[in-house]
file protein.csv (CSV, C-alpha atoms and all ligand atoms)
chain,number,residue,atom,x,y,z
X,1379,MET,CA,0.0,0.0,0.0
X,1380,GLU,CA,1.1,3.6,-0.6
X,1381,LYS,CA,0.5,6.1,2.2
X,1382,ASN,CA,1.5,9.7,2.8
X,1383,ILE,CA,2.2,10.6,6.4
X,1384,CYS,CA,2.4,14.3,7.5
X,1385,LEU,CA,5.0,14.7,10.2
X,1386,LEU,CA,4.6,17.3,12.9
X,1387,PRO,CA,7.8,17.2,15.0
X,1388,GLY,CA,6.9,20.2,17.2
X,1389,ASP,CA,9.1,21.3,20.1
X,1390,GLY,CA,11.5,20.0,22.8
X,1391,ILE,CA,12.2,16.3,22.5
X,1392,GLY,CA,9.6,16.2,19.6
X,1393,PRO,CA,12.1,16.0,16.7
X,1394,GLU,CA,14.2,13.3,18.4
X,1395,ILE,CA,11.4,11.0,19.3
X,1396,LEU,CA,9.6,11.4,16.0
X,1397,ALA,CA,12.8,10.5,14.1
X,1398,GLN,CA,12.8,7.1,15.8
X,1399,GLY,CA,9.1,6.6,15.0
X,1400,VAL,CA,9.8,7.3,11.4
X,1401,ARG,CA,12.7,4.9,11.3
X,1402,LEU,CA,10.4,2.2,12.5
X,1403,LEU,CA,7.7,3.1,9.9
X,1404,GLU,CA,10.3,2.9,7.1
X,1405,ALA,CA,11.6,-0.4,8.3
X,1406,CYS,CA,8.0,-1.7,8.5
X,1407,ALA,CA,7.2,-0.5,5.0
X,1408,SER,CA,10.2,-2.4,3.5
X,1409,LYS,CA,9.5,-5.5,5.5
X,1410,PHE,CA,5.8,-5.7,4.5
X,1411,GLY,CA,6.2,-4.2,1.0
X,1412,HIS,CA,4.5,-0.9,1.5
X,1413,ARG,CA,5.5,2.6,0.4
X,1414,PHE,CA,5.3,5.4,3.0
X,1415,THR,CA,6.2,8.9,2.0
X,1416,PHE,CA,6.6,11.7,4.5
X,1417,THR,CA,5.9,15.5,4.4
X,1418,ASN,CA,7.0,17.8,7.2
X,1419,ALA,CA,4.9,20.6,8.6
X,1420,LEU,CA,5.3,23.2,11.4
X,1421,LEU,CA,3.2,23.1,14.6
X,1422,GLY,CA,3.5,24.8,18.0
X,1423,GLY,CA,6.5,26.7,19.1
X,1424,ALA,CA,8.5,25.7,16.0
X,1425,ALA,CA,5.7,27.3,13.9
X,1426,ILE,CA,5.5,30.4,16.1
X,1427,ASP,CA,9.3,31.0,15.6
X,1428,ALA,CA,9.1,30.5,11.8
X,1429,THR,CA,5.7,32.2,11.1
X,1430,GLY,CA,4.3,33.8,14.2
X,1431,ASN,CA,1.4,31.4,14.2
X,1432,PRO,CA,1.2,28.1,16.2
X,1433,LEU,CA,-0.9,26.6,13.4
X,1434,PRO,CA,-0.1,28.0,9.9
X,1435,ASP,CA,-2.8,27.3,7.2
X,1436,GLU,CA,-0.1,25.5,5.3
X,1437,THR,CA,0.1,22.9,8.1
X,1438,ILE,CA,-3.7,22.4,8.1
X,1439,ARG,CA,-3.5,21.8,4.3
X,1440,ALA,CA,-0.6,19.4,4.6
X,1441,CYS,CA,-2.4,17.4,7.2
X,1442,GLN,CA,-5.7,17.3,5.3
X,1443,LYS,CA,-3.9,16.0,2.2
X,1444,ALA,CA,-2.2,13.2,4.2
X,1445,ASP,CA,-3.4,9.7,5.0
X,1446,ALA,CA,-2.3,10.1,8.6
X,1447,VAL,CA,-0.7,12.7,10.8
X,1448,PHE,CA,2.3,11.7,13.1
X,1449,LEU,CA,2.8,14.3,15.8
X,1450,ALA,CA,5.4,14.3,18.6
X,1451,ALA,CA,4.8,17.1,21.1
X,1452,VAL,CA,4.5,20.9,21.4
X,1453,GLY,CA,5.3,23.6,24.0
X,1454,GLY,CA,8.1,24.9,26.1
X,1455,PRO,CA,9.2,27.6,28.5
X,1456,LYS,CA,10.3,29.8,25.6
X,1457,TRP,CA,6.6,30.4,24.6
X,1458,ASP,CA,5.1,30.3,28.1
X,1459,ASN,CA,4.5,34.0,28.5
X,1460,LEU,CA,2.6,34.4,25.2
X,1461,PRO,CA,-1.2,35.1,25.5
X,1462,PRO,CA,-3.3,31.9,25.3
X,1463,GLU,CA,-4.3,32.3,21.7
X,1464,GLN,CA,-0.7,32.5,20.5
X,1465,ARG,CA,0.7,29.6,22.6
X,1466,PRO,CA,2.0,26.4,21.1
X,1467,GLU,CA,-0.8,24.4,22.7
X,1468,ARG,CA,-3.3,26.4,20.7
X,1469,GLY,CA,-1.7,24.9,17.6
X,1470,LEU,CA,-2.4,21.4,18.9
X,1471,LEU,CA,-6.0,22.1,19.9
X,1472,GLY,CA,-6.5,23.9,16.5
X,1473,ILE,CA,-5.3,20.9,14.4
X,1474,ARG,CA,-7.5,18.5,16.4
X,1475,LYS,CA,-10.5,20.8,15.7
X,1476,ALA,CA,-9.6,21.5,12.1
X,1477,LEU,CA,-9.4,17.8,11.3
X,1478,GLY,CA,-12.5,17.0,13.2
X,1479,LEU,CA,-10.7,14.5,15.5
X,1480,PHE,CA,-13.4,14.1,18.2
X,1481,ALA,CA,-12.3,10.7,19.5
X,1482,ASN,CA,-9.1,10.4,21.4
X,1483,LEU,CA,-8.1,6.8,22.3
X,1484,ARG,CA,-5.5,6.4,25.1
X,1485,PRO,CA,-4.7,2.9,26.0
X,1486,ALA,CA,-2.9,2.2,29.2
X,1487,MET,CA,-1.6,-1.2,30.2
X,1488,LEU,CA,1.0,-2.8,32.5
X,1489,LEU,CA,3.5,-4.6,30.4
X,1490,PRO,CA,4.9,-7.5,32.4
X,1491,GLU,CA,8.4,-6.5,31.2
X,1492,LEU,CA,7.9,-3.2,33.1
X,1493,ALA,CA,6.2,-4.5,36.2
X,1494,GLY,CA,9.1,-3.1,38.3
X,1495,ALA,CA,8.4,0.5,37.1
X,1496,CYS,CA,4.7,0.4,38.1
X,1497,LEU,CA,3.8,3.0,40.8
X,1498,LEU,CA,1.1,0.8,42.4
X,1499,ARG,CA,1.5,-1.6,45.4
X,1500,ALA,CA,2.3,-5.1,44.2
X,1501,ASP,CA,-0.9,-6.6,45.3
X,1502,ILE,CA,-2.9,-4.0,43.4
X,1503,ALA,CA,-0.7,-4.3,40.3
X,1504,SER,CA,-1.0,-8.0,40.3
X,1505,ARG,CA,-4.7,-7.7,39.5
X,1506,GLY,CA,-3.7,-6.2,36.2
X,1507,LEU,CA,-4.2,-2.9,34.4
X,1508,ASP,CA,-5.4,-2.9,30.8
X,1509,LEU,CA,-7.8,-0.1,30.0
X,1510,ILE,CA,-8.4,2.5,27.4
X,1511,VAL,CA,-9.6,6.1,27.9
X,1512,VAL,CA,-12.0,7.2,25.2
X,1513,ARG,CA,-11.7,11.0,25.6
X,1514,GLU,CA,-13.9,13.5,23.6
X,1515,LEU,CA,-11.4,15.9,22.0
X,1516,THR,CA,-13.1,18.7,20.2
X,1517,GLY,CA,-15.7,20.1,22.7
X,1518,ASP,CA,-16.2,20.8,26.4
X,1519,ILE,CA,-14.6,23.6,28.3
X,1520,TYR,CA,-11.6,23.5,25.9
X,1521,PHE,CA,-13.6,25.1,23.1
X,1522,GLY,CA,-16.9,26.4,24.8
X,1523,GLU,CA,-17.9,30.0,24.2
X,1524,PRO,CA,-18.0,32.5,25.8
X,1525,ARG,CA,-14.5,32.4,27.1
X,1526,GLY,CA,-12.3,35.3,28.1
X,1527,ARG,CA,-10.8,37.7,30.6
X,1528,ASP,CA,-12.7,40.7,31.9
X,1529,ILE,CA,-13.0,43.2,34.7
X,1530,ARG,CA,-16.2,42.7,36.8
X,1531,ASP,CA,-16.9,45.0,39.7
X,1532,GLY,CA,-13.4,46.2,39.6
X,1533,LEU,CA,-12.0,42.6,39.8
X,1534,ARG,CA,-10.1,40.7,37.2
X,1535,VAL,CA,-12.0,37.5,36.2
X,1536,GLY,CA,-11.4,34.7,33.8
X,1537,TYR,CA,-14.1,32.4,32.5
X,1538,ASN,CA,-14.7,29.4,30.3
X,1539,THR,CA,-17.8,27.5,29.3
X,1540,MET,CA,-18.3,23.8,29.8
X,1541,ILE,CA,-20.8,22.7,27.1
X,1542,TYR,CA,-21.7,19.6,25.1
X,1543,ASN,CA,-24.6,19.0,22.6
X,1544,GLU,CA,-26.2,15.7,22.3
X,1545,VAL,CA,-24.6,14.9,18.9
X,1546,GLU,CA,-21.2,15.4,20.3
X,1547,VAL,CA,-21.9,13.1,23.3
X,1548,ARG,CA,-23.6,10.4,21.1
X,1549,ARG,CA,-20.8,10.1,18.6
X,1550,ILE,CA,-18.1,9.7,21.3
X,1551,ALA,CA,-20.3,7.3,23.3
X,1552,THR,CA,-20.7,5.2,20.1
X,1553,VAL,CA,-16.9,5.0,19.7
X,1554,ALA,CA,-16.6,3.9,23.3
X,1555,PHE,CA,-19.2,1.1,23.0
X,1556,GLU,CA,-17.7,0.0,19.7
X,1557,THR,CA,-14.3,-0.1,21.3
X,1558,ALA,CA,-15.6,-2.1,24.2
X,1559,ARG,CA,-17.1,-4.7,21.9
X,1560,LYS,CA,-13.6,-5.5,20.7
X,1561,ARG,CA,-12.4,-5.8,24.2
X,1562,ARG,CA,-13.9,-6.9,27.5
X,1563,LYS,CA,-17.3,-5.3,26.8
X,1564,LYS,CA,-17.4,-2.9,29.7
X,1565,VAL,CA,-17.8,0.9,29.5
X,1566,CYS,CA,-17.5,3.2,32.5
X,1567,SER,CA,-18.8,6.7,31.8
X,1568,VAL,CA,-17.1,9.4,33.9
X,1569,GLU,CA,-18.7,12.8,34.6
X,1570,LYS,CA,-19.8,15.1,37.4
X,1571,SER,CA,-23.6,14.8,37.1
X,1572,ASN,CA,-24.1,15.5,40.8
X,1573,VAL,CA,-23.0,19.1,40.1
X,1574,LEU,CA,-22.9,20.0,36.4
X,1575,GLU,CA,-25.7,20.3,33.9
X,1576,THR,CA,-23.3,19.4,31.1
X,1577,SER,CA,-22.7,16.1,32.9
X,1578,ARG,CA,-26.4,15.5,33.3
X,1579,LEU,CA,-26.9,15.8,29.6
X,1580,TRP,CA,-23.8,13.6,29.1
X,1581,LYS,CA,-25.1,10.8,31.2
X,1582,GLU,CA,-28.6,11.0,29.7
X,1583,VAL,CA,-27.2,10.7,26.1
X,1584,VAL,CA,-24.8,7.9,27.1
X,1585,VAL,CA,-27.7,5.9,28.6
X,1586,GLU,CA,-29.8,6.4,25.4
X,1587,THR,CA,-26.9,5.4,23.2
X,1588,HIS,CA,-26.3,2.3,25.3
X,1589,LYS,CA,-29.7,0.9,24.2
X,1590,GLN,CA,-28.1,-0.2,20.9
X,1591,TYR,CA,-25.3,-1.9,22.9
X,1592,SER,CA,-27.0,-4.2,25.4
X,1593,ASP,CA,-24.1,-6.7,25.1
X,1594,VAL,CA,-21.9,-4.1,26.7
X,1595,GLU,CA,-22.0,-3.4,30.4
X,1596,LEU,CA,-22.4,0.3,31.2
X,1597,THR,CA,-21.5,1.8,34.6
X,1598,HIS,CA,-21.2,5.5,35.7
X,1599,LEU,CA,-18.7,7.2,38.1
X,1600,TYR,CA,-18.3,10.8,39.2
X,1601,VAL,CA,-14.8,12.0,38.1
X,1602,ASP,CA,-13.5,12.4,41.6
X,1603,ASN,CA,-14.4,8.8,42.5
X,1604,ALA,CA,-13.0,7.6,39.1
X,1605,ALA,CA,-9.6,9.3,39.9
X,1606,MET,CA,-9.6,7.5,43.2
X,1607,GLN,CA,-10.7,4.1,41.8
X,1608,LEU,CA,-7.9,4.3,39.2
X,1609,VAL,CA,-5.2,4.0,41.9
X,1610,ARG,CA,-7.3,1.8,44.3
X,1611,ASP,CA,-8.2,-0.9,41.7
X,1612,PRO,CA,-7.5,-0.1,38.1
X,1613,SER,CA,-8.3,-3.7,37.1
X,1614,GLN,CA,-12.1,-2.8,37.3
X,1615,PHE,CA,-11.8,-0.7,34.1
X,1616,ASP,CA,-12.0,-1.7,30.5
X,1617,VAL,CA,-13.2,1.4,28.6
X,1618,ILE,CA,-13.4,4.7,30.3
X,1619,LEU,CA,-15.7,7.1,28.4
X,1620,THR,CA,-15.3,10.7,29.3
X,1621,GLY,CA,-15.2,14.4,28.2
X,1622,ASN,CA,-12.3,16.5,27.1
X,1623,ILE,CA,-11.1,18.0,30.4
X,1624,PHE,CA,-11.8,14.9,32.6
X,1625,GLY,CA,-10.2,12.7,29.9
X,1626,ASP,CA,-7.1,14.9,29.9
X,1627,ILE,CA,-6.6,14.5,33.6
X,1628,LEU,CA,-7.6,10.8,33.9
X,1629,SER,CA,-5.4,9.7,31.0
X,1630,ASP,CA,-2.3,11.2,32.6
X,1631,GLU,CA,-3.2,9.4,35.8
X,1632,ALA,CA,-3.9,6.1,34.1
X,1633,SER,CA,-0.7,6.2,32.2
X,1634,VAL,CA,1.7,7.3,34.9
X,1635,ILE,CA,0.7,4.6,37.3
X,1636,THR,CA,1.8,2.0,34.7
X,1637,GLY,CA,5.4,3.3,35.2
X,1638,SER,CA,6.1,6.0,32.7
X,1639,LEU,CA,4.3,8.6,30.7
X,1640,GLY,CA,7.0,7.8,28.1
X,1641,MET,CA,5.4,4.5,27.2
X,1642,LEU,CA,1.9,5.4,26.1
X,1643,PRO,CA,0.6,6.1,22.6
X,1644,SER,CA,-2.6,7.7,21.5
X,1645,ALA,CA,-4.8,8.0,18.4
X,1646,SER,CA,-7.2,10.8,17.6
X,1647,LEU,CA,-9.9,10.0,15.0
X,1648,GLY,CA,-12.7,11.7,13.3
X,1649,ASP,CA,-15.6,10.5,11.1
X,1650,SER,CA,-13.4,10.6,8.0
X,1651,GLY,CA,-10.1,12.0,6.9
X,1652,PRO,CA,-6.7,11.3,8.4
X,1653,GLY,CA,-6.2,10.3,12.0
X,1654,LEU,CA,-3.6,11.9,14.2
X,1655,PHE,CA,-1.2,9.7,16.2
X,1656,GLU,CA,0.9,11.0,19.0
X,1657,PRO,CA,2.5,10.0,22.3
X,1658,ILE,CA,0.5,11.3,25.3
X,1659,HIS,CA,3.4,12.9,27.0
X,1660,GLY,CA,4.7,16.4,26.4
X,1661,SER,CA,7.8,18.0,24.9
X,1662,ALA,CA,10.0,17.6,28.0
X,1663,PRO,CA,12.1,20.7,27.4
X,1664,ASP,CA,14.4,19.9,30.3
X,1665,ILE,CA,15.9,16.9,28.5
X,1666,SER,CA,15.5,18.1,24.9
X,1667,GLY,CA,18.5,17.7,22.6
X,1668,GLN,CA,20.3,15.4,25.0
X,1669,ASP,CA,19.3,12.0,23.4
X,1670,LYS,CA,17.7,10.9,26.7
X,1671,ALA,CA,14.0,10.9,25.8
X,1672,ASN,CA,12.0,7.6,25.7
X,1673,PRO,CA,10.9,7.1,22.0
X,1674,LEU,CA,8.7,4.1,22.8
X,1675,ALA,CA,5.4,6.0,23.2
X,1676,THR,CA,6.1,7.5,19.7
X,1677,ILE,CA,7.0,4.2,18.3
X,1678,LEU,CA,3.9,2.6,19.7
X,1679,SER,CA,1.9,5.5,18.3
X,1680,ALA,CA,3.3,4.5,14.9
X,1681,ALA,CA,1.9,1.1,15.6
X,1682,LEU,CA,-1.5,2.6,16.3
X,1683,MET,CA,-1.3,4.5,13.0
X,1684,LEU,CA,-0.7,1.3,11.2
X,1685,ARG,CA,-3.6,-0.6,12.9
X,1686,LEU,CA,-6.3,2.1,13.2
X,1687,GLY,CA,-5.3,4.5,10.4
X,1688,PHE,CA,-4.2,2.0,7.7
X,1689,ASP,CA,-5.9,-1.2,8.8
X,1690,MET,CA,-2.4,-2.9,9.0
X,1691,GLY,CA,-2.9,-5.1,12.1
X,1692,GLU,CA,-0.1,-7.5,11.4
X,1693,GLU,CA,2.4,-4.6,10.8
X,1694,ALA,CA,1.3,-2.9,14.0
X,1695,ALA,CA,1.7,-6.1,16.0
X,1696,ALA,CA,5.2,-6.5,14.6
X,1697,ILE,CA,6.2,-3.2,16.0
X,1698,GLU,CA,4.5,-3.8,19.4
X,1699,GLN,CA,6.3,-7.2,19.7
X,1700,ALA,CA,9.6,-5.6,18.8
X,1701,VAL,CA,9.1,-3.1,21.6
X,1702,ARG,CA,8.3,-5.8,24.1
X,1703,LYS,CA,11.3,-7.8,23.1
X,1704,THR,CA,13.5,-4.8,23.5
X,1705,LEU,CA,12.2,-4.3,27.0
X,1706,ALA,CA,12.5,-8.0,27.8
X,1707,ASP,CA,16.1,-7.9,26.7
X,1708,GLY,CA,16.7,-5.3,29.3
X,1709,PHE,CA,17.1,-2.1,27.4
X,1710,ARG,CA,15.8,1.0,29.2
X,1711,THR,CA,15.7,4.8,28.8
X,1712,ALA,CA,16.3,6.8,31.9
X,1713,ASP,CA,12.6,7.3,32.8
X,1714,ILE,CA,12.0,3.5,33.1
X,1715,MET,CA,15.5,2.5,34.3
X,1716,GLU,CA,15.8,-0.1,37.0
X,1717,SER,CA,18.9,-1.7,38.5
X,1718,GLY,CA,20.3,-4.5,36.5
X,1719,LYS,CA,19.1,-3.1,33.2
X,1720,THR,CA,21.0,-1.5,30.3
X,1721,LEU,CA,20.6,2.3,30.1
X,1722,VAL,CA,20.3,3.5,26.5
X,1723,GLY,CA,19.6,6.9,24.9
X,1724,CYS,CA,16.7,7.8,22.5
X,1725,LYS,CA,18.5,6.9,19.3
X,1726,GLU,CA,19.9,3.6,20.6
X,1727,MET,CA,16.5,2.6,21.9
X,1728,GLY,CA,15.2,3.2,18.4
X,1729,SER,CA,18.0,1.0,17.0
X,1730,ARG,CA,17.3,-1.8,19.5
X,1731,VAL,CA,13.6,-1.9,18.5
X,1732,LEU,CA,14.5,-1.7,14.8
X,1733,GLU,CA,16.9,-4.7,15.0
X,1734,ARG,CA,14.1,-6.8,16.7
X,1735,LEU,CA,11.5,-5.9,14.0
X,1801,LIG,C1,-2.9,16.3,26.0
X,1801,LIG,C2,-2.3,17.6,26.4
X,1801,LIG,C3,-3.0,18.8,25.7
X,1801,LIG,C4,-4.4,18.7,26.1
X,1801,LIG,C5,-2.4,20.1,25.9
X,1801,LIG,C6,-0.9,20.2,25.5
X,1801,LIG,C7,-3.1,21.2,25.1
X,1801,LIG,O1,-2.2,17.8,27.7
X,1801,LIG,O2,-2.9,16.0,24.8
X,1801,LIG,O3,-3.3,15.6,26.9
X,1801,LIG,O4,-4.8,19.3,27.2
X,1801,LIG,O5,-5.2,18.1,25.4
X,1802,MG,MG,-2.9,16.1,28.8
call {"tool": "encode", "arguments": {"input": "protein.csv", "output": "structure tokens"}}
result
Amino acid sequence: MEKNICLLPGDGIGPEILAQGVRLLEACASKFGHRFTFTNALLGGAAIDATGNPLPDETIRACQKADAVFLAAVGGPKWDNLPPEQRPERGLLGIRKALGLFANLRPAMLLPELAGACLLRADIASRGLDLIVVRELTGDIYFGEPRGRDIRDGLRVGYNTMIYNEVEVRRIATVAFETARKRRKKVCSVEKSNVLETSRLWKEVVVETHKQYSDVELTHLYVDNAAMQLVRDPSQFDVILTGNIFGDILSDEASVITGSLGMLPSASLGDSGPGLFEPIHGSAPDISGQDKANPLATILSAALMLRLGFDMGEEAAAIEQAVRKTLADGFRTADIMESGKTLVGCKEMGSRVLERL
């Protein structure tokens, strides 16, 4: 198959980790007889420096033309003092919105090879952790209007609007139920319906949508309870269905308890058009350019691109197996280092995976 992939290296460790993901994609293409071509585009701080805009129109066009978008990370202290609409993060939110990527899938699992890095007590970890957060990505308080800063009664105020319409909730709920059907058939919908009107609508629509999915078990948790249950007993979760802001928070929590943010990939999908694949971690400016970053979340995001973007399940599994073999053989970047293992840098980790593909 021929596929065009738009690369958005972004900022910080972005270019280093993306390079390793691209190496793996290229190796995969030649192993399985595909042809992948790559285009580069600017996003985030890199785009601000070059054009003054975190999301240039050219980048949107390049992404729209591609079969998939492969993104590393954006942001850094250099751009921290810019007003919100000019920050690198706005580029990331803007490209999600422009491509209609309303469904963000964030799997978190405990690899047996990394059991020692898990932050949970051994008796809790031994029950297992294999879940996926299905996060709504183009609505909620991230995009709700009105938003802004003002002076009211002589005081500075800031405000945002948490809002969902029923179509937005139904389509993400559908993704969650469909996802659950391919897994352990359990969906837990997370909201705050004891306080928020938005959440009451959310719950109502999720329950309605569930009527078409009676083979899937549906439960509900308030977000505070869900945050607690995630560390108390994550084995109870299969698919966590939630909105944009709660999903942002819970997916970081779900991933870090597995041992490292540096391990987890994500996929953002819309109704049609290219999907976007990116590690869930940030641009780690503190270690940027030092060849220390963990490229595995990016490499695993490439695997998700193959499976979900190009329907290449066998190719995806080959990359995932190469990653696990590399870990089983004892290679570790600094973030997941344990005594008795071999410390490697970003590039060498890429090479070790490559030679096991
Ligand atoms: C994420 C990130 C982004 C988000 C930021 C960088 C805008 O935290 O992808 O989880 O909040 O969605
Ligand atoms: Mg986040």
call {"tool": "closest_atom_pairs", "arguments": {"input": "protein.csv", "of": "chain X", "to": "ligand LIG 1801 (chain X)", "cutoff": "8 Å", "atoms": "only C-alpha atoms and all ligand atoms", "output": "CSV"}}
result
residue,atom,partner,partner_atom,distance
X:Ala1451,CA,X:LIG1801,C6,7.8
X:Val1452,CA,X:LIG1801,C6,6.8
X:Gly1453,CA,X:LIG1801,C6,7.2
X:Glu1467,CA,X:LIG1801,C7,4.6
X:Arg1468,CA,X:LIG1801,C7,6.8
X:Leu1470,CA,X:LIG1801,C7,6.2
X:Leu1471,CA,X:LIG1801,C7,6.0
X:Leu1515,CA,X:LIG1801,O5,7.4
X:Asn1622,CA,X:LIG1801,O5,7.5
X:Ile1623,CA,X:LIG1801,O4,7.2
X:Asp1626,CA,X:LIG1801,O3,4.9
X:Ile1627,CA,X:LIG1801,O3,7.5
X:Ser1629,CA,X:LIG1801,O3,7.5
X:Asp1630,CA,X:LIG1801,O3,7.3
X:Ile1658,CA,X:LIG1801,O2,5.8
X:His1659,CA,X:LIG1801,O3,7.2
X:Gly1660,CA,X:LIG1801,C6,6.8
call {"tool": "closest_residue", "arguments": {"input": "protein.csv", "among": "X:Asp1669, X:Asp1602, X:Glu1380, X:Glu1586", "to": "Val1568 in chain X", "atoms": "all atoms listed in the file"}}
result
X:Asp1602
call {"tool": "atom_distance", "arguments": {"input": "protein.csv", "atom1": "CA of Ser1577 in chain X", "atom2": "CA of Arg1513 in chain X"}}
result
14.2 Å
call {"tool": "closest_atom_pairs", "arguments": {"input": "protein.csv", "of": "range 1438-1495 of chain X", "to": "range 1516-1519 of chain X", "cutoff": "12 Å", "atoms": "all atoms listed in the file", "output": "CSV"}}
result
residue,atom,partner,partner_atom,distance
X:Leu1470,CA,X:Thr1516,CA,11.1
X:Leu1471,CA,X:Thr1516,CA,7.9
X:Gly1472,CA,X:Thr1516,CA,9.2
X:Ile1473,CA,X:Thr1516,CA,10.0
X:Arg1474,CA,X:Thr1516,CA,6.8
X:Lys1475,CA,X:Thr1516,CA,5.6
X:Ala1476,CA,X:Thr1516,CA,9.3
X:Leu1477,CA,X:Thr1516,CA,9.7
X:Gly1478,CA,X:Thr1516,CA,7.2
X:Leu1479,CA,X:Thr1516,CA,6.7
X:Phe1480,CA,X:Thr1516,CA,5.0
X:Ala1481,CA,X:Thr1516,CA,8.1
X:Asn1482,CA,X:Thr1516,CA,9.3
call {"tool": "closest_atom_pairs", "arguments": {"input": "protein.csv", "of": "range 1586-1693 of chain X", "to": "range 1386-1402 of chain X", "cutoff": "10 Å", "atoms": "all atoms listed in the file", "output": "CSV"}}
result
residue,atom,partner,partner_atom,distance
X:Leu1654,CA,X:Leu1386,CA,9.9
X:Glu1656,CA,X:Leu1396,CA,9.2
X:Pro1657,CA,X:Ile1395,CA,9.4
X:Gly1660,CA,X:Gly1392,CA,8.4
X:Ser1661,CA,X:Gly1390,CA,4.7
X:Ala1662,CA,X:Gly1390,CA,5.9
X:Pro1663,CA,X:Gly1390,CA,4.7
X:Asp1664,CA,X:Gly1390,CA,8.0
X:Ile1665,CA,X:Ile1391,CA,7.1
X:Ser1666,CA,X:Ile1391,CA,4.5
X:Gly1667,CA,X:Ile1391,CA,6.5
X:Gln1668,CA,X:Ile1391,CA,8.5
X:Asp1669,CA,X:Glu1394,CA,7.3
X:Lys1670,CA,X:Ile1391,CA,8.8
X:Ala1671,CA,X:Ile1391,CA,6.6
X:Asn1672,CA,X:Ile1395,CA,7.3
X:Pro1673,CA,X:Ile1395,CA,4.8
X:Leu1674,CA,X:Ile1395,CA,8.2
X:Ala1675,CA,X:Ile1395,CA,8.7
X:Thr1676,CA,X:Gly1399,CA,5.6
X:Ile1677,CA,X:Gly1399,CA,4.6
X:Leu1678,CA,X:Gly1399,CA,8.1
X:Ser1679,CA,X:Gly1399,CA,8.0
X:Ala1680,CA,X:Gly1399,CA,6.2
X:Ala1681,CA,X:Gly1399,CA,9.1
call {"tool": "residues_around", "arguments": {"input": "protein.csv", "residues": "Asp1445 in chain X", "least_positions_apart": "4", "cutoff": "12 Å", "atoms": "only C-alpha atoms", "output": "ChimeraX atom specification"}}
result
/X:1379-1385,1414-1417,1440-1441,1477,1647,1650-1655,1683-1684,1686-1689
call {"tool": "closest_residue", "arguments": {"input": "protein.csv", "among": "X:Ser1644, X:Ser1717, X:Ser1504, X:Ser1729", "to": "ligand MG 1802 (chain X)", "atoms": "all atoms listed in the file"}}
result
X:Ser1644
call {"tool": "decode", "arguments": {"input": "protein.csv", "residues": "range 1414-1423 of chain X", "atoms": "N, CA, C and O atoms", "output": "PDB file, in the first residue's frame"}}
result
ATOM      1  N   PHE X1414       5.764   4.233   2.169  1.00  0.00           N
ATOM      2  CA  PHE X1414       5.343   5.392   2.959  1.00  0.00           C
ATOM      3  C   PHE X1414       6.163   6.602   2.523  1.00  0.00           C
ATOM      4  O   PHE X1414       7.393   6.544   2.451  1.00  0.00           O
ATOM      5  N   THR X1415       5.467   7.707   2.215  1.00  0.00           N
ATOM      6  CA  THR X1415       6.192   8.948   1.952  1.00  0.00           C
ATOM      7  C   THR X1415       5.844   9.921   3.065  1.00  0.00           C
ATOM      8  O   THR X1415       4.784   9.843   3.676  1.00  0.00           O
ATOM      9  N   PHE X1416       6.767  10.838   3.342  1.00  0.00           N
ATOM     10  CA  PHE X1416       6.603  11.737   4.480  1.00  0.00           C
ATOM     11  C   PHE X1416       6.671  13.192   4.045  1.00  0.00           C
ATOM     12  O   PHE X1416       7.501  13.556   3.216  1.00  0.00           O
ATOM     13  N   THR X1417       5.773  14.008   4.602  1.00  0.00           N
ATOM     14  CA  THR X1417       5.885  15.459   4.435  1.00  0.00           C
ATOM     15  C   THR X1417       6.048  16.059   5.823  1.00  0.00           C
ATOM     16  O   THR X1417       5.475  15.551   6.790  1.00  0.00           O
ATOM     17  N   ASN X1418       6.802  17.131   5.917  1.00  0.00           N
ATOM     18  CA  ASN X1418       7.002  17.795   7.203  1.00  0.00           C
ATOM     19  C   ASN X1418       6.180  19.054   7.278  1.00  0.00           C
ATOM     20  O   ASN X1418       6.070  19.778   6.298  1.00  0.00           O
ATOM     21  N   ALA X1419       5.626  19.364   8.433  1.00  0.00           N
ATOM     22  CA  ALA X1419       4.934  20.642   8.606  1.00  0.00           C
ATOM     23  C   ALA X1419       5.206  21.178  10.009  1.00  0.00           C
ATOM     24  O   ALA X1419       5.635  20.448  10.898  1.00  0.00           O
ATOM     25  N   LEU X1420       4.958  22.470  10.158  1.00  0.00           N
ATOM     26  CA  LEU X1420       5.285  23.151  11.414  1.00  0.00           C
ATOM     27  C   LEU X1420       4.069  23.227  12.329  1.00  0.00           C
ATOM     28  O   LEU X1420       2.957  23.522  11.889  1.00  0.00           O
ATOM     29  N   LEU X1421       4.310  22.994  13.621  1.00  0.00           N
ATOM     30  CA  LEU X1421       3.235  23.134  14.607  1.00  0.00           C
ATOM     31  C   LEU X1421       3.846  23.603  15.920  1.00  0.00           C
ATOM     32  O   LEU X1421       4.972  23.253  16.257  1.00  0.00           O
ATOM     33  N   GLY X1422       3.071  24.377  16.688  1.00  0.00           N
ATOM     34  CA  GLY X1422       3.499  24.753  18.031  1.00  0.00           C
ATOM     35  C   GLY X1422       4.570  25.825  18.026  1.00  0.00           C
ATOM     36  O   GLY X1422       4.590  26.722  17.177  1.00  0.00           O
ATOM     37  N   GLY X1423       5.499  25.715  18.973  1.00  0.00           N
ATOM     38  CA  GLY X1423       6.545  26.715  19.109  1.00  0.00           C
ATOM     39  C   GLY X1423       7.388  26.856  17.848  1.00  0.00           C
ATOM     40  O   GLY X1423       7.747  27.970  17.440  1.00  0.00           O
TER      41      GLY X1423
END
